[in-house]
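In what follows, a structure is listed as structure tokens, so that the remarks can point back to it.
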Amino acid sequence: MTILETGSFQKAATQLNFAPSTVTSQIRQLEDEFSIQLFEKVGRKMELTQAGKDILPYVEKILQNVEQIMNYKKDASELTGTLRLVAPDSIFIYVMQPVIKAILHDAPHIQLIINSCPSDDINDAIVNGSADIGIDCDKGNFPDSVLHPASGPFQACLIGSPFLNPGELDFITPPPEETNRYDL
């Protein structure tokens, strides 16, 4: 991942405090073990081959698992790593500010990545691993592959024109059964 981020074996070695030959050797061992080429030189930069791109989600999951192991039995103030959160704009605007503030207060050493996502794409973001937590309105159409506990009741308010007849503001009482105007 560091090679991918820095664009070269040399820069990755410097960032990781390894000898460049160590990084090269480890990549060669991985490529030999899995019988695939992971990187190719494009111009002055090392880029992933198609095989490297194909296995990238698995590498990311491995690194997430390592983070979880490193955080095992730590209290929240000691947690480190990345938490990727997705939700629609409306939820971020109206609900999430106190939640985000609490997360950053209770776990100050985590990197919180927040992305706005259309409601219809949240399940996919969780399933494909591009997000760790998704927050959405309960629409009742969650796939079996995601957990979807309700986080609590929320108030809603209806907003209407100030020119509405006050008698039309009762949104609770059902209207009386209307008669068909064609009945004679």
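Numbering starts fresh at 1 for the residues of each chain in the structure tokens, the chains themselves are lettered A, B, ... in the order given, and ligands are numbered from 1 as they appear.
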
Notebook entry, point to check: Could you name the residues that touch A:Ile91 at 10 Å or less, counting only C-alpha atoms, but leaving out those on the same chain fewer than 3 positions away, as a PyMOL selection string?
Noted result: chain A and resi 86-88+94-97+116+119+135-137

Next item on the list: Fewer than 4 positions away in the same chain doesn't count, so skip those; otherwise give me all residues within 8 Å of A:Ile133, counting only C-alpha atoms, as a ChimeraX atom specification.
Entry: /A:83-86,126

Name the residues of stretch 54-137 of chain A that come out as strand (DSSP E or B) in a backbone DSSP run; write them as a ChimeraX atom specification. /A:81-87,110-116,133-134

Residues as selected, C-alpha atoms, written as an mmCIF file, in the first residue's frame, can you do that?
```
data_model
loop_
_atom_site.group_PDB
_atom_site.id
_atom_site.type_symbol
_atom_site.label_atom_id
_atom_site.label_comp_id
_atom_site.auth_asym_id
_atom_site.auth_seq_id
_atom_site.Cartn_x
_atom_site.Cartn_y
_atom_site.Cartn_z
ATOM 1 C CA GLY A 81 -6.829 3.519 12.481
ATOM 2 C CA THR A 82 -9.397 4.657 9.975
ATOM 3 C CA LEU A 83 -13.192 4.710 10.234
ATOM 4 C CA ARG A 84 -15.015 5.316 6.938
ATOM 5 C CA LEU A 85 -18.547 6.637 7.369
ATOM 6 C CA VAL A 86 -21.155 7.185 4.626
ATOM 7 C CA ALA A 87 -24.592 8.752 4.811
ATOM 8 C CA ILE A 110 -8.699 7.603 14.692
ATOM 9 C CA GLN A 111 -8.853 9.040 11.218
ATOM 10 C CA LEU A 112 -12.529 9.646 10.422
ATOM 11 C CA ILE A 113 -13.298 9.717 6.707
ATOM 12 C CA ILE A 114 -16.770 11.027 5.959
ATOM 13 C CA ASN A 115 -18.399 10.695 2.556
ATOM 14 C CA SER A 116 -21.789 11.769 1.375
ATOM 15 C CA ILE A 133 -20.424 2.281 8.665
ATOM 16 C CA GLY A 134 -23.414 3.523 6.717
#
```

| Spatial neighbours of stretch 20-22 of chain A, 9 Å, only C-alpha atoms, chain gap at least 3 places, as number ranges by chain | A: 9-14, 25-27

With C-alpha atoms retained, write the just-selected residues as a PDB file, in the first residue's frame.
```pdb
ATOM      1  CA  PHE A   9       9.748   1.377  -4.142  1.00  0.00           C
ATOM      2  CA  GLN A  10      12.431   3.886  -3.072  1.00  0.00           C
ATOM      3  CA  LYS A  11       9.944   6.377  -1.554  1.00  0.00           C
ATOM      4  CA  ALA A  12       8.042   3.551   0.138  1.00  0.00           C
ATOM      5  CA  ALA A  13      11.281   2.240   1.642  1.00  0.00           C
ATOM      6  CA  THR A  14      12.154   5.707   2.941  1.00  0.00           C
ATOM      7  CA  SER A  25      12.484  -8.395  -2.026  1.00  0.00           C
ATOM      8  CA  GLN A  26       9.149  -8.514  -0.174  1.00  0.00           C
ATOM      9  CA  ILE A  27       7.205  -7.594  -3.309  1.00  0.00           C
TER      10      ILE A  27
END
```

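Interatomic distance, atom CA of A:Pro118 to atom CA of A:Asp89: 7.9 Å.
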